[in-house]
>>> print(open('run.cif').read())   # mmCIF, C-alpha atoms (C1' of nucleotides)
data_model
#
loop_
_atom_site.label_atom_id
_atom_site.label_comp_id
_atom_site.auth_asym_id
_atom_site.auth_seq_id
_atom_site.Cartn_x
_atom_site.Cartn_y
_atom_site.Cartn_z
CA MET A 1102 -9.73 54.47 54.58
CA LEU A 1103 -10.47 53.03 51.18
CA SER A 1104 -8.89 54.86 48.25
CA LYS A 1105 -11.08 56.59 45.70
CA LYS A 1106 -10.01 53.90 43.28
CA THR A 1107 -11.54 51.28 45.54
CA GLN A 1108 -14.74 53.26 45.87
CA TYR A 1109 -14.89 53.49 42.10
CA ALA A 1110 -14.36 49.74 41.89
CA PHE A 1111 -17.31 49.13 44.17
CA LYS A 1112 -19.52 51.51 42.21
CA ALA A 1113 -18.61 49.77 38.97
CA LEU A 1114 -19.23 46.35 40.47
CA GLU A 1115 -22.55 47.52 41.85
CA TYR A 1116 -23.57 48.59 38.37
CA LEU A 1117 -22.43 45.32 36.85
CA ALA A 1118 -24.13 43.32 39.61
CA ILE A 1119 -27.44 44.95 38.81
CA GLN A 1120 -27.00 44.09 35.11
CA HIS A 1121 -25.86 40.57 35.91
CA GLY A 1122 -27.18 37.99 33.47
CA LYS A 1123 -27.83 40.56 30.73
CA GLU A 1124 -25.71 41.95 27.90
CA PRO A 1125 -22.09 43.06 28.45
CA VAL A 1126 -21.79 46.62 29.73
CA LYS A 1127 -19.46 49.12 28.07
CA ILE A 1128 -16.83 50.98 30.10
CA SER A 1129 -18.17 54.23 28.72
CA GLU A 1130 -21.64 53.47 30.06
CA ILE A 1131 -20.37 52.64 33.54
CA SER A 1132 -18.19 55.74 33.45
CA LYS A 1133 -21.08 58.00 32.57
CA GLN A 1134 -23.69 56.47 34.86
CA GLN A 1135 -21.46 56.15 37.91
CA LYS A 1136 -19.43 59.31 37.25
CA ILE A 1137 -16.03 57.67 37.17
CA PRO A 1138 -13.21 59.10 34.98
CA LEU A 1139 -13.18 56.86 31.92
CA LYS A 1140 -9.48 56.10 31.56
CA PHE A 1141 -9.12 55.55 35.28
CA LEU A 1142 -12.03 53.15 35.19
CA GLU A 1143 -10.35 51.21 32.38
CA ASN A 1144 -7.41 50.48 34.67
CA ILE A 1145 -9.67 49.41 37.50
CA LEU A 1146 -11.73 47.04 35.37
CA VAL A 1147 -8.63 45.41 33.92
CA GLU A 1148 -7.36 44.76 37.43
CA LEU A 1149 -10.64 43.21 38.46
CA LYS A 1150 -10.59 41.12 35.32
CA ASN A 1151 -7.03 39.91 35.88
CA ALA A 1152 -8.06 38.93 39.37
CA GLY A 1153 -10.74 36.71 37.87
CA MET A 1154 -13.73 38.71 38.97
CA LEU A 1155 -14.87 39.98 35.58
CA GLU A 1156 -14.88 38.81 32.01
CA SER A 1157 -14.83 40.99 28.93
CA LYS A 1158 -15.72 40.92 25.31
CA LYS A 1159 -14.12 43.15 22.69
CA GLY A 1160 -15.64 44.75 19.63
CA LYS A 1161 -19.18 45.74 18.85
CA GLY A 1162 -21.67 44.60 21.46
CA GLY A 1163 -18.76 43.99 23.84
CA GLY A 1164 -18.10 45.18 27.36
CA TYR A 1165 -17.71 43.80 30.84
CA MET A 1166 -19.67 41.23 32.82
CA LEU A 1167 -19.35 39.70 36.25
CA LYS A 1168 -17.70 36.31 35.98
CA VAL A 1169 -19.45 35.01 39.09
CA SER A 1170 -22.75 35.73 40.75
CA PRO A 1171 -22.95 38.86 42.95
CA LYS A 1172 -23.61 36.68 45.97
CA ASN A 1173 -20.24 35.01 45.50
CA ILE A 1174 -18.24 38.25 45.47
CA ASN A 1175 -17.41 39.28 49.00
CA LEU A 1176 -16.23 42.74 49.94
CA ALA A 1177 -12.91 41.64 51.40
CA THR A 1178 -11.85 40.19 48.07
CA VAL A 1179 -12.57 43.42 46.22
CA ILE A 1180 -10.72 45.49 48.78
CA ARG A 1181 -7.68 43.24 48.61
CA ILE A 1182 -7.52 43.43 44.82
CA ILE A 1183 -7.77 47.20 44.52
CA ASN A 1184 -6.89 48.65 47.91
CA GLY A 1185 -4.48 46.14 49.39
CA PRO A 1186 -4.29 44.90 52.98
CA ILE A 1187 -7.29 45.02 55.28
CA ALA A 1188 -5.30 44.59 58.50
CA LEU A 1189 -4.06 47.69 60.31
CA LEU A 1190 -0.44 46.53 60.34
CA PRO A 1191 1.63 44.64 57.73
CA CYS A 1192 2.73 42.11 60.36
CA VAL A 1193 -0.86 40.97 60.97
CA SER A 1194 -1.99 40.87 57.36
CA LEU A 1195 -3.06 37.47 56.09
CA ASN A 1196 -2.59 38.30 52.40
CA PHE A 1197 0.09 40.99 52.45
CA TYR A 1198 2.19 39.92 55.41
CA GLU A 1199 5.47 41.68 56.11
CA LYS A 1200 7.63 41.09 59.11
CA CYS A 1201 8.17 44.13 61.26
CA LYS A 1202 11.72 44.62 62.47
CA ASP A 1203 12.50 45.36 66.09
CA CYS A 1204 9.49 43.41 67.29
CA ASN A 1205 9.20 39.93 68.70
CA GLU A 1206 6.00 38.59 67.20
CA GLU A 1207 5.51 36.12 70.03
CA THR A 1208 5.30 38.77 72.71
CA CYS A 1209 4.33 41.97 70.87
CA GLY A 1210 1.24 43.34 72.56
CA MET A 1211 0.24 45.64 69.72
CA ARG A 1212 0.25 42.69 67.37
CA LYS A 1213 -2.14 40.72 69.56
CA MET A 1214 -4.62 43.60 69.61
CA MET A 1215 -4.41 44.16 65.88
CA ILE A 1216 -5.07 40.51 65.15
CA ILE A 1217 -8.27 40.66 67.16
CA ALA A 1218 -9.33 43.85 65.36
CA ARG A 1219 -8.50 42.33 61.98
CA ASP A 1220 -10.58 39.25 62.66
CA ALA A 1221 -13.58 41.31 63.72
CA THR A 1222 -13.40 43.36 60.53
CA LEU A 1223 -12.85 40.36 58.29
CA LYS A 1224 -15.77 38.51 59.78
CA ILE A 1225 -18.01 41.17 58.25
CA LEU A 1226 -16.14 41.92 55.04
CA GLU A 1227 -15.81 38.26 54.10
CA LYS A 1228 -19.44 37.52 54.79
CA LYS A 1229 -21.04 40.46 53.01
CA THR A 1230 -21.27 40.29 49.25
CA MET A 1231 -22.13 42.42 46.25
CA ALA A 1232 -25.60 40.85 46.41
CA ASP A 1233 -26.08 42.32 49.91
CA MET A 1234 -24.84 45.63 48.65
CA ILE A 1235 -27.36 46.02 45.84
CA LYS A 1236 -30.35 44.89 47.87
CA GLY A 1237 -32.98 47.59 47.71
CA GLU A 1238 -31.55 49.20 44.59
CA LEU A 1239 -32.18 46.49 42.05
CA THR A 1240 -34.22 49.05 40.17
CA ILE A 1241 -31.80 51.48 38.53
CA GLU A 1242 -34.14 51.42 35.52
CA ASN A 1243 -34.99 48.01 34.27
CA MET B 432 -3.28 50.57 57.31
CA LEU B 433 -1.94 52.63 60.16
CA SER B 434 0.76 55.14 59.22
CA LYS B 435 4.27 54.74 60.56
CA LYS B 436 3.58 57.79 62.65
CA THR B 437 0.74 55.96 64.36
CA GLN B 438 2.89 52.91 64.95
CA TYR B 439 5.50 55.18 66.52
CA ALA B 440 2.81 56.72 68.70
CA PHE B 441 1.80 53.30 69.98
CA LYS B 442 5.39 52.34 70.68
CA ALA B 443 5.95 55.54 72.60
CA LEU B 444 2.74 55.08 74.58
CA GLU B 445 3.68 51.50 75.33
CA TYR B 446 6.96 52.70 76.77
CA LEU B 447 5.26 55.39 78.82
CA ALA B 448 2.60 52.97 80.00
CA ILE B 449 5.22 50.65 81.38
CA GLN B 450 6.84 53.57 83.23
CA HIS B 451 3.50 54.85 84.46
CA GLY B 452 3.63 56.18 88.02
CA LYS B 453 7.39 56.76 87.92
CA GLU B 454 9.56 59.71 86.88
CA PRO B 455 8.91 61.64 83.65
CA VAL B 456 10.54 60.04 80.61
CA LYS B 457 12.69 62.10 78.22
CA ILE B 458 11.93 62.17 74.50
CA SER B 459 15.53 61.20 73.83
CA GLU B 460 15.14 58.06 75.94
CA ILE B 461 11.97 56.97 74.18
CA SER B 462 13.57 57.73 70.83
CA LYS B 463 16.61 55.60 71.58
CA GLN B 464 14.83 52.69 73.25
CA GLN B 465 12.01 52.43 70.73
CA LYS B 466 14.08 53.42 67.68
CA ILE B 467 11.93 56.36 66.63
CA PRO B 468 13.52 59.38 64.87
CA LEU B 469 13.87 62.00 67.59
CA LYS B 470 12.46 65.07 65.89
CA PHE B 471 9.59 63.09 64.44
CA LEU B 472 8.81 61.74 67.87
CA GLU B 473 8.71 65.28 69.27
CA ASN B 474 5.86 66.11 66.91
CA ILE B 475 3.97 62.97 67.83
CA LEU B 476 4.25 63.52 71.57
CA VAL B 477 3.10 67.12 71.32
CA GLU B 478 0.02 65.97 69.42
CA LEU B 479 -0.77 63.37 72.05
CA LYS B 480 -0.26 65.99 74.71
CA ASN B 481 -2.54 68.52 73.01
CA ALA B 482 -5.17 65.82 72.80
CA GLY B 483 -5.00 65.47 76.59
CA MET B 484 -3.38 62.07 76.70
CA LEU B 485 0.03 63.08 78.05
CA GLU B 486 1.49 65.69 80.35
CA SER B 487 4.97 67.09 80.20
CA LYS B 488 7.52 68.79 82.38
CA LYS B 489 10.31 70.98 81.05
CA GLY B 490 13.87 71.41 82.26
CA LYS B 491 16.13 69.05 84.14
CA GLY B 492 14.35 65.92 85.33
CA GLY B 493 11.56 66.70 82.91
CA GLY B 494 9.93 64.62 80.25
CA TYR B 495 6.60 63.02 79.38
CA MET B 496 4.10 61.06 81.45
CA LEU B 497 0.74 59.52 80.77
CA LYS B 498 -1.99 61.80 82.05
CA VAL B 499 -4.38 58.92 82.65
CA SER B 500 -3.96 55.29 83.57
CA PRO B 501 -3.06 52.88 80.71
CA LYS B 502 -6.34 51.07 81.25
CA ASN B 503 -8.22 54.25 80.41
CA ILE B 504 -6.50 54.81 77.06
CA ASN B 505 -8.26 52.83 74.37
CA LEU B 506 -6.73 52.13 70.98
CA ALA B 507 -9.44 53.86 68.97
CA THR B 508 -8.68 57.17 70.66
CA VAL B 509 -4.98 56.95 69.83
CA ILE B 510 -5.68 56.06 66.22
CA ARG B 511 -8.09 58.96 65.82
CA ILE B 512 -5.59 61.45 67.21
CA ILE B 513 -2.64 60.43 65.06
CA ASN B 514 -4.02 58.50 62.12
CA GLY B 515 -7.49 59.96 61.57
CA PRO B 516 -10.71 58.11 60.75
CA ILE B 517 -11.18 54.44 61.57
CA ALA B 518 -14.12 53.91 59.22
CA LEU B 519 -13.44 52.76 55.66
CA LEU B 520 -15.37 55.66 54.10
CA PRO B 521 -15.68 59.32 55.11
CA CYS B 522 -19.47 59.09 54.93
CA VAL B 523 -19.61 56.46 57.68
CA SER B 524 -17.04 58.01 60.00
CA LEU B 525 -18.35 59.01 63.43
CA ASN B 526 -15.56 61.49 64.17
CA PHE B 527 -14.48 62.62 60.70
CA TYR B 528 -17.74 62.51 58.79
CA GLU B 529 -17.92 63.91 55.28
CA LYS B 530 -20.90 63.69 53.02
CA CYS B 531 -20.26 61.84 49.80
CA LYS B 532 -21.70 63.44 46.71
CA ASP B 533 -23.69 61.46 44.17
CA CYS B 534 -24.97 59.11 46.83
CA ASN B 535 -28.27 58.93 48.66
CA GLU B 536 -27.30 57.98 52.18
CA GLU B 537 -30.70 56.49 52.89
CA THR B 538 -30.47 53.89 50.15
CA CYS B 539 -26.73 53.51 49.49
CA GLY B 540 -25.89 49.83 49.85
CA MET B 541 -22.16 50.32 50.20
CA ARG B 542 -22.78 52.66 53.11
CA LYS B 543 -24.83 50.08 54.97
CA MET B 544 -22.09 47.49 54.65
CA MET B 545 -19.39 49.89 55.76
CA ILE B 546 -21.33 50.89 58.85
CA ILE B 547 -21.53 47.28 59.93
CA ALA B 548 -17.82 46.79 59.31
CA ARG B 549 -17.00 49.99 61.19
CA ASP B 550 -19.00 48.91 64.23
CA ALA B 551 -17.30 45.53 64.34
CA THR B 552 -13.88 47.15 64.26
CA LEU B 553 -14.76 49.82 66.80
CA LYS B 554 -16.13 47.28 69.22
CA ILE B 555 -12.60 45.94 69.57
CA LEU B 556 -10.58 49.12 69.27
CA GLU B 557 -12.69 50.98 71.82
CA LYS B 558 -12.59 48.15 74.32
CA LYS B 559 -8.90 47.34 74.17
CA THR B 560 -6.55 49.65 76.05
CA MET B 561 -2.87 50.38 76.50
CA ALA B 562 -3.06 48.21 79.61
CA ASP B 563 -4.11 45.23 77.51
CA MET B 564 -1.32 46.01 75.11
CA ILE B 565 1.50 45.91 77.65
CA LYS B 566 0.30 42.80 79.42
CA GLY B 567 3.09 40.25 79.40
CA GLU B 568 5.79 42.83 78.82
CA LEU B 569 5.64 44.77 82.06
CA THR B 570 9.23 43.79 82.52
CA ILE B 571 11.31 45.89 80.12
CA GLU B 572 13.86 46.19 82.93
CA ASN B 573 12.42 47.14 86.25
"C1'" DT C 836 -11.03 42.35 3.39
"C1'" DG C 837 -11.65 46.48 5.84
"C1'" DC C 838 -13.87 49.47 8.98
"C1'" DA C 839 -16.05 50.63 13.32
"C1'" DT C 840 -16.27 49.33 17.99
"C1'" DA C 841 -14.46 47.94 22.12
"C1'" DT C 842 -11.07 46.41 25.41
"C1'" DC C 843 -6.02 46.36 26.65
"C1'" DC C 844 -1.26 47.95 27.46
"C1'" DT C 845 2.68 51.03 28.59
"C1'" DA C 846 4.14 55.04 30.07
"C1'" DC C 847 3.87 59.39 31.97
"C1'" DA C 848 2.34 63.48 35.01
"C1'" DA C 849 0.03 66.05 38.54
"C1'" DA C 850 -1.63 66.26 43.17
"C1'" DA C 851 -1.85 64.83 47.77
"C1'" DT C 852 -0.10 62.61 51.71
"C1'" DT C 853 3.42 60.78 54.62
"C1'" DA C 854 7.83 60.86 56.71
"C1'" DG C 855 11.36 63.25 58.38
"C1'" DT C 856 14.65 67.48 59.19
"C1'" DA C 857 16.24 72.18 60.64
"C1'" DG C 858 16.74 75.65 63.74
"C1'" DG C 859 15.79 78.13 67.18
"C1'" DG C 860 12.25 79.71 71.21
"C1'" DA C 861 10.31 79.07 75.87
"C1'" DT C 862 10.37 77.16 80.39
"C1'" DT C 863 12.30 75.06 84.43
"C1'" DA C 864 15.67 73.27 88.00
"C1'" DA C 865 19.71 73.97 90.31
"C1'" DT D 1091 22.67 82.27 84.65
"C1'" DT D 1092 23.37 78.04 82.66
"C1'" DA D 1093 22.14 73.50 81.18
"C1'" DA D 1094 18.42 70.62 80.29
"C1'" DT D 1095 14.28 69.80 78.33
"C1'" DC D 1096 10.03 70.44 75.83
"C1'" DC D 1097 7.78 73.43 72.13
"C1'" DC D 1098 6.92 75.79 67.71
"C1'" DT D 1099 7.20 77.06 62.77
"C1'" DA D 1100 8.64 75.97 58.63
"C1'" DC D 1101 10.65 73.41 55.23
"C1'" DT D 1102 12.08 69.22 52.29
"C1'" DA D 1103 12.13 64.53 50.50
"C1'" DA D 1104 9.87 60.36 49.48
"C1'" DT D 1105 5.92 57.82 48.44
"C1'" DT D 1106 1.32 57.01 47.09
"C1'" DT D 1107 -2.78 58.32 44.87
"C1'" DT D 1108 -5.26 59.98 41.07
"C1'" DG D 1109 -5.46 60.57 37.10
"C1'" DT D 1110 -4.08 61.24 31.44
"C1'" DA D 1111 -2.10 60.16 26.68
"C1'" DG D 1112 -1.67 57.48 22.90
"C1'" DG D 1113 -1.73 53.80 20.59
"C1'" DA D 1114 -2.04 48.26 20.20
"C1'" DT D 1115 -5.05 44.39 19.88
"C1'" DA D 1116 -9.19 41.77 19.20
"C1'" DT D 1117 -14.03 41.28 17.44
"C1'" DG D 1118 -18.32 41.66 14.68
"C1'" DC D 1119 -20.19 42.74 10.49
"C1'" DA D 1120 -20.88 44.38 5.78
#
>>> encode(input="run.cif", output="structure tokens")
Amino acid sequence: MLSKKTQYAFKALEYLAIQHGKEPVKISEISKQQKIPLKFLENILVELKNAGMLESKKGKGGGYMLKVSPKNINLATVIRIINGPIALLPCVSLNFYEKCKDCNEETCGMRKMMIIARDATLKILEKKTMADMIKGELTIEN
Amino acid sequence: MLSKKTQYAFKALEYLAIQHGKEPVKISEISKQQKIPLKFLENILVELKNAGMLESKKGKGGGYMLKVSPKNINLATVIRIINGPIALLPCVSLNFYEKCKDCNEETCGMRKMMIIARDATLKILEKKTMADMIKGELTIEN
DNA sequence: TGCATATCCTACAAAATTAGTAGGGATTAA
DNA sequence: TTAATCCCTACTAATTTTGTAGGATATGCA
């Protein structure tokens, strides 16, 4: 399951995706509109920024903006930044690989299954984007 | 990610699947062979038994056996028993559904995406079985 | 220059979950 | 009736998740 932090990240990105191309959006606005604890949200947005997904502007009139178009932000990327691995086992993770001891990777049956499951999941999560996510709710209020 | 407990469960089931049709297997044997802490393994096996996946026999010559054939135990079932939901969000889980507040399920974009991802994952995990998992390692030693 | 407005950084704390242990009870075979 | 084996309840330790506190840093504007 995705952590609450990751769900918050998606909600924040949704909000920013809808405002994409307009003025920067303040943390406090996102916090209030999407009901995310303010200081927690700060941490999340900094992480997304450090990962290159957002840009920010300080001072009056400042806030956060998407750095790239919603249609170029896929869900797998967001999950990896905030939540971590998508695979069900460390030894089949593409981005967070860890060898499992007491297991021959050539012959391990569990591993083979989990690779197939991972690929099926990734096929969706890497294809779907923030643009897909906000379809049908582009009208939060202008 | 699957918990260590779930990984232990799979290892234990693998071992039992390979012995399927023979004598009951003692907890202590599984523990030693698969390097799973004994008392922890006890808990796991009881859970699998209560879920109807194993049967047990007490006293001398006793132990655990699969209740059904390895080819009738799919991976999704095991994960649900020991690990919990397979879906990425509670509000899209088939077996552990929980309504999410502040979200209209009819229009929520995130929900739509997560349903698609869930179905892709389930398609694999519900089709693959313990029999698939032990293919190629039916020879632990007789 | 100086003040108000924002983001950014470090550190801590509380709550929840996961992982594992302890100790004895109940059942069965011989 | 004893040894072997699973079963049950409860606890503890470690780790992760979910936040909070408090100030540092940068920016726009008068």
>>> closest_atom_pairs(input="run.cif", of="chain C", to="chain A", cutoff="9 Å", atoms="only C-alpha atoms (C1' of nucleotides)", output="CSV")
residue,atom,partner,partner_atom,distance
C:DA839,C1',A:Lys1161,CA,8.0
C:DT840,C1',A:Lys1161,CA,4.7
C:DA841,C1',A:Gly1160,CA,4.2
C:DT842,C1',A:Lys1159,CA,5.2
C:DC843,C1',A:Val1147,CA,7.8
>>> residues_around(input="run.cif", residues="Leu1114 of chain A", least_positions_apart="4", cutoff="8 Å", atoms="all atoms listed in the file", output="list in words")
Ala1110, Ala1118, Leu1167 and Met1231 of chain A
>>> closest_atom_pairs(input="run.cif", of="segment 500-560 of chain B", to="segment 436-439 of chain B", cutoff="9 Å", atoms="only C-alpha atoms", output="CSV")
residue,atom,partner,partner_atom,distance
B:Val509,CA,B:Thr437,CA,8.0
B:Ile510,CA,B:Thr437,CA,6.7
B:Ile512,CA,B:Thr437,CA,8.9
B:Ile513,CA,B:Thr437,CA,5.6
B:Asn514,CA,B:Thr437,CA,5.8
>>> interface_residues(input="run.cif", of="chain D", to="chain A", cutoff="9 Å", atoms="all atoms listed in the file", output="PDB file with C-alpha atoms (C1' of nucleotides), in the coordinates of the input")
ATOM      1  C1'  DT D1107      -2.780  58.320  44.870  1.00  0.00           C
ATOM      2  C1'  DT D1108      -5.260  59.980  41.070  1.00  0.00           C
ATOM      3  C1'  DG D1109      -5.460  60.570  37.100  1.00  0.00           C
ATOM      4  C1'  DT D1110      -4.080  61.240  31.440  1.00  0.00           C
ATOM      5  C1'  DA D1116      -9.190  41.770  19.200  1.00  0.00           C
ATOM      6  C1'  DT D1117     -14.030  41.280  17.440  1.00  0.00           C
ATOM      7  C1'  DG D1118     -18.320  41.660  14.680  1.00  0.00           C
ATOM      8  C1'  DC D1119     -20.190  42.740  10.490  1.00  0.00           C
TER       9       DC D1119
END
>>> atom_distance(input="run.cif", atom1="atom CA of Ala482 of chain B", atom2="atom CA of Ile504 of chain B")
11.9 Å
>>> interface_residues(input="run.cif", of="chain B", to="chain A", cutoff="7 Å", atoms="only C-alpha atoms", output="VMD selection string")
chain B and resid 432 to 433 518 to 520 540 to 541 544 548 551 to 552 555 to 556 564 to 566
>>> closest_residue(input="run.cif", among="D:DA1120, D:DA1104, D:DC1098, D:DA1093", to="DT852 of chain C", atoms="all atoms listed in the file")
D:DA1104
>>> atom_distance(input="run.cif", atom1="atom C1' of DA864 of chain C", atom2="atom CA of Ile449 of chain B")
25.8 Å
>>> atom_distance(input="run.cif", atom1="atom CA of Leu485 of chain B", atom2="atom CA of Leu447 of chain B")
9.3 Å
>>> resolve_selection(input="run.cif", expression="the PyMOL selection byres ((chain D and resi 1113) around 12)", output="short mmCIF file (atom, residue, chain, number, x, y, z; two decimals) with C-alpha atoms (C1' of nucleotides), in the frame of the given file")
data_model
loop_
_atom_site.label_atom_id
_atom_site.label_comp_id
_atom_site.auth_asym_id
_atom_site.auth_seq_id
_atom_site.Cartn_x
_atom_site.Cartn_y
_atom_site.Cartn_z
"C1'" DC C 843 -6.02 46.36 26.65
"C1'" DC C 844 -1.26 47.95 27.46
"C1'" DT C 845 2.68 51.03 28.59
"C1'" DA C 846 4.14 55.04 30.07
"C1'" DA D 1111 -2.10 60.16 26.68
"C1'" DG D 1112 -1.67 57.48 22.90
"C1'" DA D 1114 -2.04 48.26 20.20
"C1'" DT D 1115 -5.05 44.39 19.88
#
>>> resolve_selection(input="run.cif", expression="the PyMOL selection byres ((chain C and resi 857) around 12)", output="PyMOL selection string")
(chain B and resi 470-471) or (chain C and resi 855-856+858-859) or (chain D and resi 1099-1102)
